[in-house]
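S.K.: What follows is a structure written as structure tokens; I'll ask about it next.
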Amino acid sequence: MTVPVVILGAASFGGGELLRLLELHEGVKVTYMVSRSRKGACWSDVHPNLWNRARVERFVDRVDWQTLADHDRIVVFSALRHGELAAQYSELETGWRAAGILERILLIDLSADFRLERANCGFVYGLSEWMADDLRQARRIANPGCFATALALGMLPLVRHLDPDHLATFGLTGSSGAGLTPTDRTHHPFRAHNFQPYQPFRHRHAAEVDRMLVRHARPADWSFIPYSASWVRGIHVTIETCLPRPLADGELTRIYEGSYPRSPFVHWVGELPGLLSVVGSNHCLIGGAVHGRHVAVFVVLDNLVKGMAGQAVQNLNLALGWPEDRGLERLMGPYPI
Ligand SMILES: NC(=O)c1ccc[n+]([C@@H]2O[C@H](COP(=O)([O-])OP(=O)(O)OC[C@H]3O[C@@H](n4cnc5c(N)ncnc54)[C@H](OP(=O)(O)O)[C@@H]3O)[C@@H](O)[C@H]2O)c1
């Protein structure tokens, strides 16, 4: 029997990507796509790449939870904007309790509402490769931010093994990172053919990375400058540091390969990775360059997949005790785009 899936905020990019990925996942069936703004529209009116099956199914603005009461497990993804799930959370739990399904719900939130400890209501932080033990059996998961995913995957091995005094990090993201609603900074005419930094030293994902560093390595002195790039999908992060000593031949490779030995999705490629290797897939590629005591590490991933919906599916698999790559194992991106 497949596990039913409900997606809240389903008209979002996150909702569309979840639907695209879950159509390839044999363990689940998307049962409700919930959208307040697009109630009654066909799924394919909003997510045109999914025109086939999605042509006949329609968005709803509420779920009759009782209709799911026969299932042992029920998965709810929330792709709502920041603050929206936290605002609805107690009402949702009341509905699940009334339907007798509270204990059977696995909730995976894509937003930042429950990522940090101070807001944590029993949510496990879903950085899959580093939190897998906690994610198995989890019932509430806070999926990481897209930049936080790239930064943490790249920085944790460095900080853990090489003890840098300071790391300077730079990240470029495409316009889909800003979500559906255009702003002065994200609207296409302002962004295409432009290139500029934003929120230097104070991006909100930094706190997520700090938390992972404390838990899996040590607190580190590091800075982050994000940039708005003109492409649509994909994140490219550079991590640069000067170490207390020069690295031995092959040492960086050993550290990164040793940090992700069995990971289906995080790969040390040694060279200089580019976005087209990962866009559309759940893979994260890491490469690097060494010059004496100077080290640069480069991380690429798709913000909508490994940085959001793909990692959420990976976390669903971990939480339900399925192979971590179920439904994602053959997903590769297009080339060229
Ligand atoms: N985009 C990324 O790269 C990325 C990466 C990681 C995490 N996230 C997080 O994942 C979640 C989904 O992100 P997204 O970029 O796919 O979607 P989004 O554009 O932020 O929209 C998400 C949903 O929020 C509701 N919404 C949109 N505009 C709204 C408004 N002006 N006022 C109130 N509600 C509004 C809509 O819900 P209805 O469908 O119900 O109308 C929409 O489907 C967000 O919390 C985001 O921070 C995004």
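A note on labels: chains of the structure tokens are A, B, ... as shown, every chain counts residues from 1, and ligands are counted from 1 in their shown order.
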Show me, as a PDB file with all heavy atoms, in the first residue's frame, the residues that have an atom within 12 Å of A:Val60 when counting only C-alpha atoms, minus same-chain residues fewer than 4 positions from it.
M.R.:
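As a result, out-v1.pdb now contains:
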```
ATOM      1  N   VAL A   6       0.388  14.662   1.440  1.00  0.00           N
ATOM      2  CA  VAL A   6      -0.323  15.940   1.348  1.00  0.00           C
ATOM      3  C   VAL A   6       0.742  17.029   1.230  1.00  0.00           C
ATOM      4  O   VAL A   6       1.721  17.019   1.980  1.00  0.00           O
ATOM      5  CB  VAL A   6      -1.170  16.189   2.620  1.00  0.00           C
ATOM      6  CG1 VAL A   6      -1.815  17.571   2.578  1.00  0.00           C
ATOM      7  CG2 VAL A   6      -2.212  15.085   2.800  1.00  0.00           C
ATOM      8  N   ILE A   7       0.560  17.955   0.281  1.00  0.00           N
ATOM      9  CA  ILE A   7       1.506  19.070   0.147  1.00  0.00           C
ATOM     10  C   ILE A   7       0.761  20.372   0.421  1.00  0.00           C
ATOM     11  O   ILE A   7      -0.208  20.702  -0.273  1.00  0.00           O
ATOM     12  CB  ILE A   7       2.153  19.095  -1.256  1.00  0.00           C
ATOM     13  CG1 ILE A   7       2.892  17.770  -1.513  1.00  0.00           C
ATOM     14  CG2 ILE A   7       3.119  20.285  -1.370  1.00  0.00           C
ATOM     15  CD1 ILE A   7       3.517  17.651  -2.891  1.00  0.00           C
ATOM     16  N   LEU A   8       1.203  21.085   1.446  1.00  0.00           N
ATOM     17  CA  LEU A   8       0.635  22.399   1.780  1.00  0.00           C
ATOM     18  C   LEU A   8       1.449  23.481   1.061  1.00  0.00           C
ATOM     19  O   LEU A   8       2.672  23.365   0.972  1.00  0.00           O
ATOM     20  CB  LEU A   8       0.696  22.643   3.290  1.00  0.00           C
ATOM     21  CG  LEU A   8       0.134  21.542   4.195  1.00  0.00           C
ATOM     22  CD1 LEU A   8       0.368  21.902   5.681  1.00  0.00           C
ATOM     23  CD2 LEU A   8      -1.355  21.338   3.934  1.00  0.00           C
ATOM     24  N   GLY A   9       0.793  24.541   0.609  1.00  0.00           N
ATOM     25  CA  GLY A   9       1.506  25.561  -0.173  1.00  0.00           C
ATOM     26  C   GLY A   9       1.944  24.983  -1.502  1.00  0.00           C
ATOM     27  O   GLY A   9       3.036  25.268  -2.013  1.00  0.00           O
ATOM     28  N   ALA A  10       1.073  24.169  -2.095  1.00  0.00           N
ATOM     29  CA  ALA A  10       1.469  23.320  -3.217  1.00  0.00           C
ATOM     30  C   ALA A  10       1.640  24.077  -4.534  1.00  0.00           C
ATOM     31  O   ALA A  10       2.158  23.529  -5.497  1.00  0.00           O
ATOM     32  CB  ALA A  10       0.441  22.205  -3.391  1.00  0.00           C
ATOM     33  N   ALA A  11       1.216  25.347  -4.588  1.00  0.00           N
ATOM     34  CA  ALA A  11       1.414  26.125  -5.814  1.00  0.00           C
ATOM     35  C   ALA A  11       2.818  26.703  -5.903  1.00  0.00           C
ATOM     36  O   ALA A  11       3.169  27.334  -6.887  1.00  0.00           O
ATOM     37  CB  ALA A  11       0.384  27.253  -5.874  1.00  0.00           C
ATOM     38  N   THR A  31      -1.738  12.809  -2.758  1.00  0.00           N
ATOM     39  CA  THR A  31      -3.185  12.661  -2.634  1.00  0.00           C
ATOM     40  C   THR A  31      -3.887  14.020  -2.597  1.00  0.00           C
ATOM     41  O   THR A  31      -4.952  14.186  -3.185  1.00  0.00           O
ATOM     42  CB  THR A  31      -3.505  11.873  -1.346  1.00  0.00           C
ATOM     43  OG1 THR A  31      -2.756  10.660  -1.393  1.00  0.00           O
ATOM     44  CG2 THR A  31      -4.980  11.550  -1.230  1.00  0.00           C
ATOM     45  N   TYR A  32      -3.297  14.972  -1.865  1.00  0.00           N
ATOM     46  CA  TYR A  32      -3.859  16.329  -1.810  1.00  0.00           C
ATOM     47  C   TYR A  32      -2.769  17.340  -2.116  1.00  0.00           C
ATOM     48  O   TYR A  32      -1.702  17.320  -1.485  1.00  0.00           O
ATOM     49  CB  TYR A  32      -4.389  16.646  -0.406  1.00  0.00           C
ATOM     50  CG  TYR A  32      -5.674  15.956  -0.007  1.00  0.00           C
ATOM     51  CD1 TYR A  32      -5.666  14.950   0.963  1.00  0.00           C
ATOM     52  CD2 TYR A  32      -6.901  16.351  -0.540  1.00  0.00           C
ATOM     53  CE1 TYR A  32      -6.847  14.334   1.364  1.00  0.00           C
ATOM     54  CE2 TYR A  32      -8.081  15.743  -0.141  1.00  0.00           C
ATOM     55  CZ  TYR A  32      -8.048  14.734   0.805  1.00  0.00           C
ATOM     56  OH  TYR A  32      -9.212  14.136   1.206  1.00  0.00           O
ATOM     57  N   MET A  33      -3.039  18.231  -3.067  1.00  0.00           N
ATOM     58  CA  MET A  33      -2.193  19.414  -3.297  1.00  0.00           C
ATOM     59  C   MET A  33      -3.008  20.596  -2.757  1.00  0.00           C
ATOM     60  O   MET A  33      -4.053  20.949  -3.334  1.00  0.00           O
ATOM     61  CB  MET A  33      -1.903  19.593  -4.786  1.00  0.00           C
ATOM     62  CG  MET A  33      -1.008  18.522  -5.390  1.00  0.00           C
ATOM     63  SD  MET A  33       0.756  18.764  -5.015  1.00  0.00           S
ATOM     64  CE  MET A  33       1.219  19.965  -6.257  1.00  0.00           C
ATOM     65  N   VAL A  34      -2.551  21.193  -1.669  1.00  0.00           N
ATOM     66  CA  VAL A  34      -3.342  22.215  -0.977  1.00  0.00           C
ATOM     67  C   VAL A  34      -2.783  23.602  -1.304  1.00  0.00           C
ATOM     68  O   VAL A  34      -1.604  23.870  -1.049  1.00  0.00           O
ATOM     69  CB  VAL A  34      -3.300  21.996   0.550  1.00  0.00           C
ATOM     70  CG1 VAL A  34      -4.232  22.992   1.248  1.00  0.00           C
ATOM     71  CG2 VAL A  34      -3.675  20.562   0.895  1.00  0.00           C
ATOM     72  N   SER A  35      -3.635  24.446  -1.874  1.00  0.00           N
ATOM     73  CA  SER A  35      -3.207  25.815  -2.171  1.00  0.00           C
ATOM     74  C   SER A  35      -4.382  26.745  -1.972  1.00  0.00           C
ATOM     75  O   SER A  35      -5.429  26.578  -2.602  1.00  0.00           O
ATOM     76  CB  SER A  35      -2.717  25.906  -3.618  1.00  0.00           C
ATOM     77  OG  SER A  35      -2.502  27.261  -3.946  1.00  0.00           O
ATOM     78  N   ARG A  36      -4.167  27.753  -1.110  1.00  0.00           N
ATOM     79  CA  ARG A  36      -5.249  28.710  -0.887  1.00  0.00           C
ATOM     80  C   ARG A  36      -5.409  29.617  -2.095  1.00  0.00           C
ATOM     81  O   ARG A  36      -6.502  29.988  -2.459  1.00  0.00           O
ATOM     82  CB  ARG A  36      -4.960  29.545   0.370  1.00  0.00           C
ATOM     83  CG  ARG A  36      -4.972  28.732   1.646  1.00  0.00           C
ATOM     84  CD  ARG A  36      -4.055  29.321   2.672  1.00  0.00           C
ATOM     85  NE  ARG A  36      -2.718  29.475   2.144  1.00  0.00           N
ATOM     86  CZ  ARG A  36      -1.735  30.083   2.763  1.00  0.00           C
ATOM     87  NH1 ARG A  36      -1.930  30.617   3.933  1.00  0.00           N
ATOM     88  NH2 ARG A  36      -0.545  30.173   2.211  1.00  0.00           N
ATOM     89  N   SER A  37      -4.305  29.960  -2.728  1.00  0.00           N
ATOM     90  CA  SER A  37      -4.377  30.921  -3.843  1.00  0.00           C
ATOM     91  C   SER A  37      -4.842  30.267  -5.144  1.00  0.00           C
ATOM     92  O   SER A  37      -5.350  30.949  -6.024  1.00  0.00           O
ATOM     93  CB  SER A  37      -3.014  31.577  -4.056  1.00  0.00           C
ATOM     94  OG  SER A  37      -2.040  30.590  -4.298  1.00  0.00           O
ATOM     95  N   ARG A  38      -4.662  28.947  -5.315  1.00  0.00           N
ATOM     96  CA  ARG A  38      -4.975  28.303  -6.595  1.00  0.00           C
ATOM     97  C   ARG A  38      -6.042  27.225  -6.474  1.00  0.00           C
ATOM     98  O   ARG A  38      -6.115  26.329  -7.308  1.00  0.00           O
ATOM     99  CB  ARG A  38      -3.690  27.726  -7.208  1.00  0.00           C
ATOM    100  CG  ARG A  38      -2.595  28.744  -7.417  1.00  0.00           C
ATOM    101  CD  ARG A  38      -3.054  29.982  -8.184  1.00  0.00           C
ATOM    102  NE  ARG A  38      -3.541  29.675  -9.510  1.00  0.00           N
ATOM    103  CZ  ARG A  38      -2.813  29.720 -10.611  1.00  0.00           C
ATOM    104  NH1 ARG A  38      -1.565  30.124 -10.542  1.00  0.00           N
ATOM    105  NH2 ARG A  38      -3.327  29.404 -11.785  1.00  0.00           N
ATOM    106  N   LYS A  39      -6.888  27.312  -5.442  1.00  0.00           N
ATOM    107  CA  LYS A  39      -7.965  26.329  -5.254  1.00  0.00           C
ATOM    108  C   LYS A  39      -8.767  26.161  -6.559  1.00  0.00           C
ATOM    109  O   LYS A  39      -9.154  27.150  -7.196  1.00  0.00           O
ATOM    110  CB  LYS A  39      -8.904  26.814  -4.145  1.00  0.00           C
ATOM    111  CG  LYS A  39     -10.068  25.882  -3.924  1.00  0.00           C
ATOM    112  CD  LYS A  39     -11.121  26.529  -3.026  1.00  0.00           C
ATOM    113  CE  LYS A  39     -12.357  25.655  -2.981  1.00  0.00           C
ATOM    114  NZ  LYS A  39     -13.480  26.300  -2.318  1.00  0.00           N
ATOM    115  N   GLY A  40      -8.995  24.914  -6.961  1.00  0.00           N
ATOM    116  CA  GLY A  40      -9.801  24.624  -8.150  1.00  0.00           C
ATOM    117  C   GLY A  40      -9.008  24.542  -9.438  1.00  0.00           C
ATOM    118  O   GLY A  40      -9.470  23.964 -10.425  1.00  0.00           O
ATOM    119  N   ALA A  41      -7.804  25.117  -9.445  1.00  0.00           N
ATOM    120  CA  ALA A  41      -6.983  25.045 -10.667  1.00  0.00           C
ATOM    121  C   ALA A  41      -6.407  23.641 -10.810  1.00  0.00           C
ATOM    122  O   ALA A  41      -6.200  22.931  -9.820  1.00  0.00           O
ATOM    123  CB  ALA A  41      -5.845  26.062 -10.579  1.00  0.00           C
ATOM    124  N   CYS A  42      -6.160  23.237 -12.067  1.00  0.00           N
ATOM    125  CA  CYS A  42      -5.465  21.966 -12.290  1.00  0.00           C
ATOM    126  C   CYS A  42      -4.011  22.117 -11.845  1.00  0.00           C
ATOM    127  O   CYS A  42      -3.424  23.185 -11.992  1.00  0.00           O
ATOM    128  CB  CYS A  42      -5.452  21.609 -13.771  1.00  0.00           C
ATOM    129  SG  CYS A  42      -7.045  21.137 -14.379  1.00  0.00           S
ATOM    130  N   TRP A  43      -3.454  21.018 -11.348  1.00  0.00           N
ATOM    131  CA  TRP A  43      -2.046  21.057 -10.931  1.00  0.00           C
ATOM    132  C   TRP A  43      -1.166  21.550 -12.081  1.00  0.00           C
ATOM    133  O   TRP A  43      -0.216  22.291 -11.890  1.00  0.00           O
ATOM    134  CB  TRP A  43      -1.567  19.663 -10.489  1.00  0.00           C
ATOM    135  CG  TRP A  43      -2.270  19.138  -9.278  1.00  0.00           C
ATOM    136  CD1 TRP A  43      -3.163  19.808  -8.493  1.00  0.00           C
ATOM    137  CD2 TRP A  43      -2.125  17.830  -8.717  1.00  0.00           C
ATOM    138  NE1 TRP A  43      -3.584  18.984  -7.474  1.00  0.00           N
ATOM    139  CE2 TRP A  43      -2.969  17.775  -7.598  1.00  0.00           C
ATOM    140  CE3 TRP A  43      -1.380  16.706  -9.069  1.00  0.00           C
ATOM    141  CZ2 TRP A  43      -3.072  16.624  -6.805  1.00  0.00           C
ATOM    142  CZ3 TRP A  43      -1.476  15.562  -8.289  1.00  0.00           C
ATOM    143  CH2 TRP A  43      -2.325  15.525  -7.165  1.00  0.00           C
ATOM    144  N   ASP A  64      -9.658  16.889   4.084  1.00  0.00           N
ATOM    145  CA  ASP A  64     -10.494  16.100   4.992  1.00  0.00           C
ATOM    146  C   ASP A  64      -9.599  14.980   5.535  1.00  0.00           C
ATOM    147  O   ASP A  64      -9.413  13.946   4.879  1.00  0.00           O
ATOM    148  CB  ASP A  64     -11.691  15.536   4.217  1.00  0.00           C
ATOM    149  CG  ASP A  64     -12.596  14.697   5.127  1.00  0.00           C
ATOM    150  OD1 ASP A  64     -12.236  14.520   6.311  1.00  0.00           O
ATOM    151  OD2 ASP A  64     -13.642  14.227   4.637  1.00  0.00           O
TER     152      ASP A  64
END
```
S.K.: List the neighbours of A:Trp322 out to 12 Å using only C-alpha atoms; skip same-chain residues closer than 5 positions along the sequence, and give me the result as number ranges by chain.
M.R.: A: 25-28, 135-137, 313-317, 327-328
S.K.: Per residue of chain A within 7 Å of ligand 1, record the nearest atom pair and its distance in Å to one decimal, counting only C-alpha atoms and all ligand atoms, with rows in chain order and ascending residue number, as a Markdown table.
M.R.:
```
| residue | atom | partner | partner_atom_place_in_ligand_line | distance |
| --- | --- | --- | --- | --- |
| A:Leu8 | CA | ligand 1 | 40 (O) | 6.4 |
| A:Gly9 | CA | ligand 1 | 39 (O) | 3.6 |
| A:Ala10 | CA | ligand 1 | 39 (O) | 4.8 |
| A:Ala11 | CA | ligand 1 | 39 (O) | 4.0 |
| A:Ser12 | CA | ligand 1 | 43 (O) | 3.6 |
| A:Phe13 | CA | ligand 1 | 16 (O) | 3.5 |
| A:Gly14 | CA | ligand 1 | 16 (O) | 3.5 |
| A:Gly15 | CA | ligand 1 | 16 (O) | 6.3 |
| A:Val34 | CA | ligand 1 | 40 (O) | 6.2 |
| A:Ser35 | CA | ligand 1 | 40 (O) | 3.4 |
| A:Arg36 | CA | ligand 1 | 40 (O) | 4.0 |
| A:Ser37 | CA | ligand 1 | 41 (O) | 3.7 |
| A:Arg38 | CA | ligand 1 | 41 (O) | 6.0 |
| A:Ala79 | CA | ligand 1 | 12 (C) | 4.1 |
| A:Leu80 | CA | ligand 1 | 24 (O) | 4.1 |
| A:Arg81 | CA | ligand 1 | 45 (O) | 3.7 |
| A:His82 | CA | ligand 1 | 45 (O) | 4.5 |
| A:Leu110 | CA | ligand 1 | 10 (O) | 4.3 |
| A:Ser111 | CA | ligand 1 | 45 (O) | 3.3 |
| A:Ala112 | CA | ligand 1 | 45 (O) | 6.2 |
| A:Pro144 | CA | ligand 1 | 6 (C) | 6.9 |
| A:Gly145 | CA | ligand 1 | 6 (C) | 4.6 |
| A:Cys146 | CA | ligand 1 | 6 (C) | 4.6 |
| A:Ser176 | CA | ligand 1 | 1 (N) | 5.2 |
| A:Gly177 | CA | ligand 1 | 3 (O) | 3.3 |
| A:Ala178 | CA | ligand 1 | 1 (N) | 5.4 |
| A:Gly179 | CA | ligand 1 | 15 (O) | 3.1 |
| A:Leu180 | CA | ligand 1 | 19 (O) | 3.4 |
| A:Thr181 | CA | ligand 1 | 19 (O) | 5.7 |
| A:Asn303 | CA | ligand 1 | 3 (O) | 4.6 |
| A:Leu304 | CA | ligand 1 | 3 (O) | 4.8 |
| A:Gly307 | CA | ligand 1 | 6 (C) | 5.5 |
| A:Met308 | CA | ligand 1 | 6 (C) | 4.4 |
```
S.K.: Generate a file of the selected residues that holds N, CA and C atoms, formatted as a CSV table (one decimal), in the first residue's frame.
M.R.:
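Done, and the output landed in again_26.csv:
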```
chain,number,residue,atom,x,y,z
A,8,LEU,N,1.2,21.1,1.4
A,8,LEU,CA,0.6,22.4,1.8
A,8,LEU,C,1.4,23.5,1.1
A,9,GLY,N,0.8,24.5,0.6
A,9,GLY,CA,1.5,25.6,-0.2
A,9,GLY,C,1.9,25.0,-1.5
A,10,ALA,N,1.1,24.2,-2.1
A,10,ALA,CA,1.5,23.3,-3.2
A,10,ALA,C,1.6,24.1,-4.5
A,11,ALA,N,1.2,25.3,-4.6
A,11,ALA,CA,1.4,26.1,-5.8
A,11,ALA,C,2.8,26.7,-5.9
A,12,SER,N,3.6,26.5,-4.9
A,12,SER,CA,5.0,27.0,-4.8
A,12,SER,C,5.9,26.3,-5.7
A,13,PHE,N,7.1,26.8,-5.9
A,13,PHE,CA,8.2,26.0,-6.6
A,13,PHE,C,8.4,24.7,-5.9
A,14,GLY,N,8.5,24.8,-4.5
A,14,GLY,CA,8.7,23.6,-3.7
A,14,GLY,C,7.6,22.6,-3.9
A,15,GLY,N,6.4,23.0,-4.0
A,15,GLY,CA,5.2,22.1,-4.3
A,15,GLY,C,5.4,21.4,-5.6
A,34,VAL,N,-2.6,21.2,-1.7
A,34,VAL,CA,-3.3,22.2,-1.0
A,34,VAL,C,-2.8,23.6,-1.3
A,35,SER,N,-3.6,24.4,-1.9
A,35,SER,CA,-3.2,25.8,-2.2
A,35,SER,C,-4.4,26.7,-2.0
A,36,ARG,N,-4.2,27.8,-1.1
A,36,ARG,CA,-5.2,28.7,-0.9
A,36,ARG,C,-5.4,29.6,-2.1
A,37,SER,N,-4.3,30.0,-2.7
A,37,SER,CA,-4.4,30.9,-3.8
A,37,SER,C,-4.8,30.3,-5.1
A,38,ARG,N,-4.7,28.9,-5.3
A,38,ARG,CA,-5.0,28.3,-6.6
A,38,ARG,C,-6.0,27.2,-6.5
A,79,ALA,N,5.3,23.5,2.0
A,79,ALA,CA,6.1,24.4,1.2
A,79,ALA,C,5.6,25.8,1.4
A,80,LEU,N,5.0,26.1,2.5
A,80,LEU,CA,4.4,27.4,2.8
A,80,LEU,C,5.6,28.4,3.0
A,81,ARG,N,5.2,29.7,2.9
A,81,ARG,CA,6.2,30.7,3.1
A,81,ARG,C,6.6,30.8,4.6
A,82,HIS,N,7.7,31.4,4.9
A,82,HIS,CA,8.2,31.6,6.2
A,82,HIS,C,7.1,32.1,7.1
A,110,LEU,N,9.5,22.7,4.7
A,110,LEU,CA,10.6,23.3,3.9
A,110,LEU,C,11.0,24.7,4.3
A,111,SER,N,10.2,25.3,5.1
A,111,SER,CA,10.5,26.7,5.5
A,111,SER,C,11.5,26.7,6.7
A,112,ALA,N,11.8,28.0,7.1
A,112,ALA,CA,12.7,28.2,8.2
A,112,ALA,C,12.0,28.1,9.6
A,144,PRO,N,16.6,21.8,5.8
A,144,PRO,CA,17.5,23.0,5.8
A,144,PRO,C,17.3,24.0,4.7
A,145,GLY,N,17.8,25.2,4.9
A,145,GLY,CA,17.8,26.2,3.8
A,145,GLY,C,18.8,25.7,2.7
A,146,CYS,N,18.6,26.3,1.5
A,146,CYS,CA,19.4,25.9,0.4
A,146,CYS,C,20.9,26.3,0.5
A,176,SER,N,15.2,31.5,-8.7
A,176,SER,CA,14.1,30.6,-8.0
A,176,SER,C,14.3,30.6,-6.5
A,177,GLY,N,15.5,30.9,-6.0
A,177,GLY,CA,15.7,30.9,-4.6
A,177,GLY,C,14.8,31.9,-3.9
A,178,ALA,N,14.3,32.9,-4.6
A,178,ALA,CA,13.5,33.9,-4.0
A,178,ALA,C,12.0,33.6,-3.9
A,179,GLY,N,11.6,32.4,-4.5
A,179,GLY,CA,10.2,32.0,-4.5
A,179,GLY,C,9.4,32.7,-5.5
A,180,LEU,N,8.1,32.6,-5.4
A,180,LEU,CA,7.1,33.0,-6.4
A,180,LEU,C,6.9,34.5,-6.6
A,181,THR,N,7.0,35.2,-5.5
A,181,THR,CA,6.6,36.6,-5.6
A,181,THR,C,7.8,37.5,-5.9
A,303,ASN,N,19.3,24.4,-5.8
A,303,ASN,CA,18.5,24.9,-4.6
A,303,ASN,C,17.1,24.4,-4.5
A,304,LEU,N,16.5,24.0,-5.6
A,304,LEU,CA,15.1,23.5,-5.6
A,304,LEU,C,15.1,22.0,-5.3
A,307,GLY,N,18.8,21.4,-2.4
A,307,GLY,CA,18.6,22.5,-1.4
A,307,GLY,C,17.2,22.6,-0.9
A,308,MET,N,16.2,21.7,-1.4
A,308,MET,CA,14.9,21.8,-0.9
A,308,MET,C,14.1,20.5,-1.1
```
S.K.: Report as CSV: every residue of stretch 213-275 of chain A with an atom at most 10 Å from stretch 182-186 of chain A, its closest pair of atoms, and their distance in Å to one decimal, counting only C-alpha atoms, with rows sorted by chain and ascending residue number.
M.R.:
```
residue,atom,partner,partner_atom,distance
A:Ser228,CA,A:Thr186,CA,8.1
A:Ala229,CA,A:Thr186,CA,9.7
A:Ser230,CA,A:Thr186,CA,9.3
```
S.K.: Go ahead and compute the interatomic distance for atom CA of A:Arg53 and atom CA of A:Leu318, in Å to one decimal.
M.R.: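 A separation of 27.1 Å between them.
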S.K.: May I ask which of the residues A:Ile235, A:Leu21, A:Leu50, A:Val3 is the closest one to A:His71, counting only C-alpha atoms?
M.R.: A:Val3
S.K.: Can you tell me, as a VMD selection string, which residues in stretch 40-149 of chain A count as helix (DSSP H, G or I) by DSSP?
M.R.: chain A and resid 43 to 46 48 to 50 53 to 55 65 to 68 84 to 98 102 to 104 117 to 119 128 to 135 146 to 149
S.K.: Between atom CA of A:Arg262 and atom CA of A:Pro4, what is the spacing in Å?
M.R.: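 Rounded to one decimal, the two atoms are 29.2 Å apart.
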S.K.: Excluding same-chain residues fewer than 3 positions from stretch 200-207 of chain A, what lies within 6 Å of it counting only C-alpha atoms, as a list in words?
M.R.: Ala148, Asp210, Ser223, Phe224 and Ile225 of chain A
S.K.: Would you write out those residues with all heavy atoms, as a PDB file, in the first residue's frame?
M.R.:
```pdb
ATOM      1  N   ALA A 148      22.264  27.029   3.379  1.00  0.00           N
ATOM      2  CA  ALA A 148      22.753  26.319   4.573  1.00  0.00           C
ATOM      3  C   ALA A 148      23.209  24.916   4.202  1.00  0.00           C
ATOM      4  O   ALA A 148      24.218  24.419   4.710  1.00  0.00           O
ATOM      5  CB  ALA A 148      21.665  26.270   5.644  1.00  0.00           C
ATOM      6  N   ASP A 210      25.971  27.468  11.775  1.00  0.00           N
ATOM      7  CA  ASP A 210      26.629  27.533  13.097  1.00  0.00           C
ATOM      8  C   ASP A 210      26.183  26.356  13.971  1.00  0.00           C
ATOM      9  O   ASP A 210      26.984  25.740  14.664  1.00  0.00           O
ATOM     10  CB  ASP A 210      26.265  28.843  13.810  1.00  0.00           C
ATOM     11  CG  ASP A 210      27.120  29.997  13.319  1.00  0.00           C
ATOM     12  OD1 ASP A 210      28.249  29.747  12.857  1.00  0.00           O
ATOM     13  OD2 ASP A 210      26.642  31.148  13.372  1.00  0.00           O
ATOM     14  N   SER A 223      32.699  33.915   7.625  1.00  0.00           N
ATOM     15  CA  SER A 223      31.843  34.976   7.091  1.00  0.00           C
ATOM     16  C   SER A 223      31.226  34.497   5.783  1.00  0.00           C
ATOM     17  O   SER A 223      31.789  33.620   5.119  1.00  0.00           O
ATOM     18  CB  SER A 223      32.660  36.249   6.854  1.00  0.00           C
ATOM     19  OG  SER A 223      33.762  35.946   6.021  1.00  0.00           O
ATOM     20  N   PHE A 224      30.090  35.091   5.450  1.00  0.00           N
ATOM     21  CA  PHE A 224      29.377  34.645   4.250  1.00  0.00           C
ATOM     22  C   PHE A 224      28.836  35.852   3.489  1.00  0.00           C
ATOM     23  O   PHE A 224      28.156  36.700   4.069  1.00  0.00           O
ATOM     24  CB  PHE A 224      28.213  33.714   4.652  1.00  0.00           C
ATOM     25  CG  PHE A 224      27.359  33.274   3.485  1.00  0.00           C
ATOM     26  CD1 PHE A 224      27.933  32.773   2.321  1.00  0.00           C
ATOM     27  CD2 PHE A 224      25.972  33.343   3.551  1.00  0.00           C
ATOM     28  CE1 PHE A 224      27.150  32.361   1.244  1.00  0.00           C
ATOM     29  CE2 PHE A 224      25.180  32.929   2.487  1.00  0.00           C
ATOM     30  CZ  PHE A 224      25.773  32.438   1.327  1.00  0.00           C
ATOM     31  N   ILE A 225      29.130  35.908   2.208  1.00  0.00           N
ATOM     32  CA  ILE A 225      28.548  36.937   1.345  1.00  0.00           C
ATOM     33  C   ILE A 225      27.777  36.253   0.210  1.00  0.00           C
ATOM     34  O   ILE A 225      28.382  35.556  -0.611  1.00  0.00           O
ATOM     35  CB  ILE A 225      29.630  37.864   0.772  1.00  0.00           C
ATOM     36  CG1 ILE A 225      30.459  38.361   1.946  1.00  0.00           C
ATOM     37  CG2 ILE A 225      28.985  38.983  -0.054  1.00  0.00           C
ATOM     38  CD1 ILE A 225      31.035  39.692   1.877  1.00  0.00           C
TER      39      ILE A 225
END
```
S.K.: Using backbone DSSP assignments, extract all strand (DSSP E) residues from stretch 28-92 of chain A; output them as a PyMOL selection string.
M.R.: chain A and resi 28-34+74-78
S.K.: Mind pulling up the distance from atom CA of A:Pro264 to atom CA of A:Arg330?
M.R.: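 According to the coordinates, atom CA of A:Arg330 and atom CA of A:Pro264 are separated by 10.8 Å.
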S.K.: Out of A:Pro189, A:Leu18, A:Pro226, A:Gly171, which residue has the shortest atom-to-atom distance to A:Ile108 when counting only C-alpha atoms?
M.R.: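 Result for the nearest residue to A:Ile108: A:Leu18.
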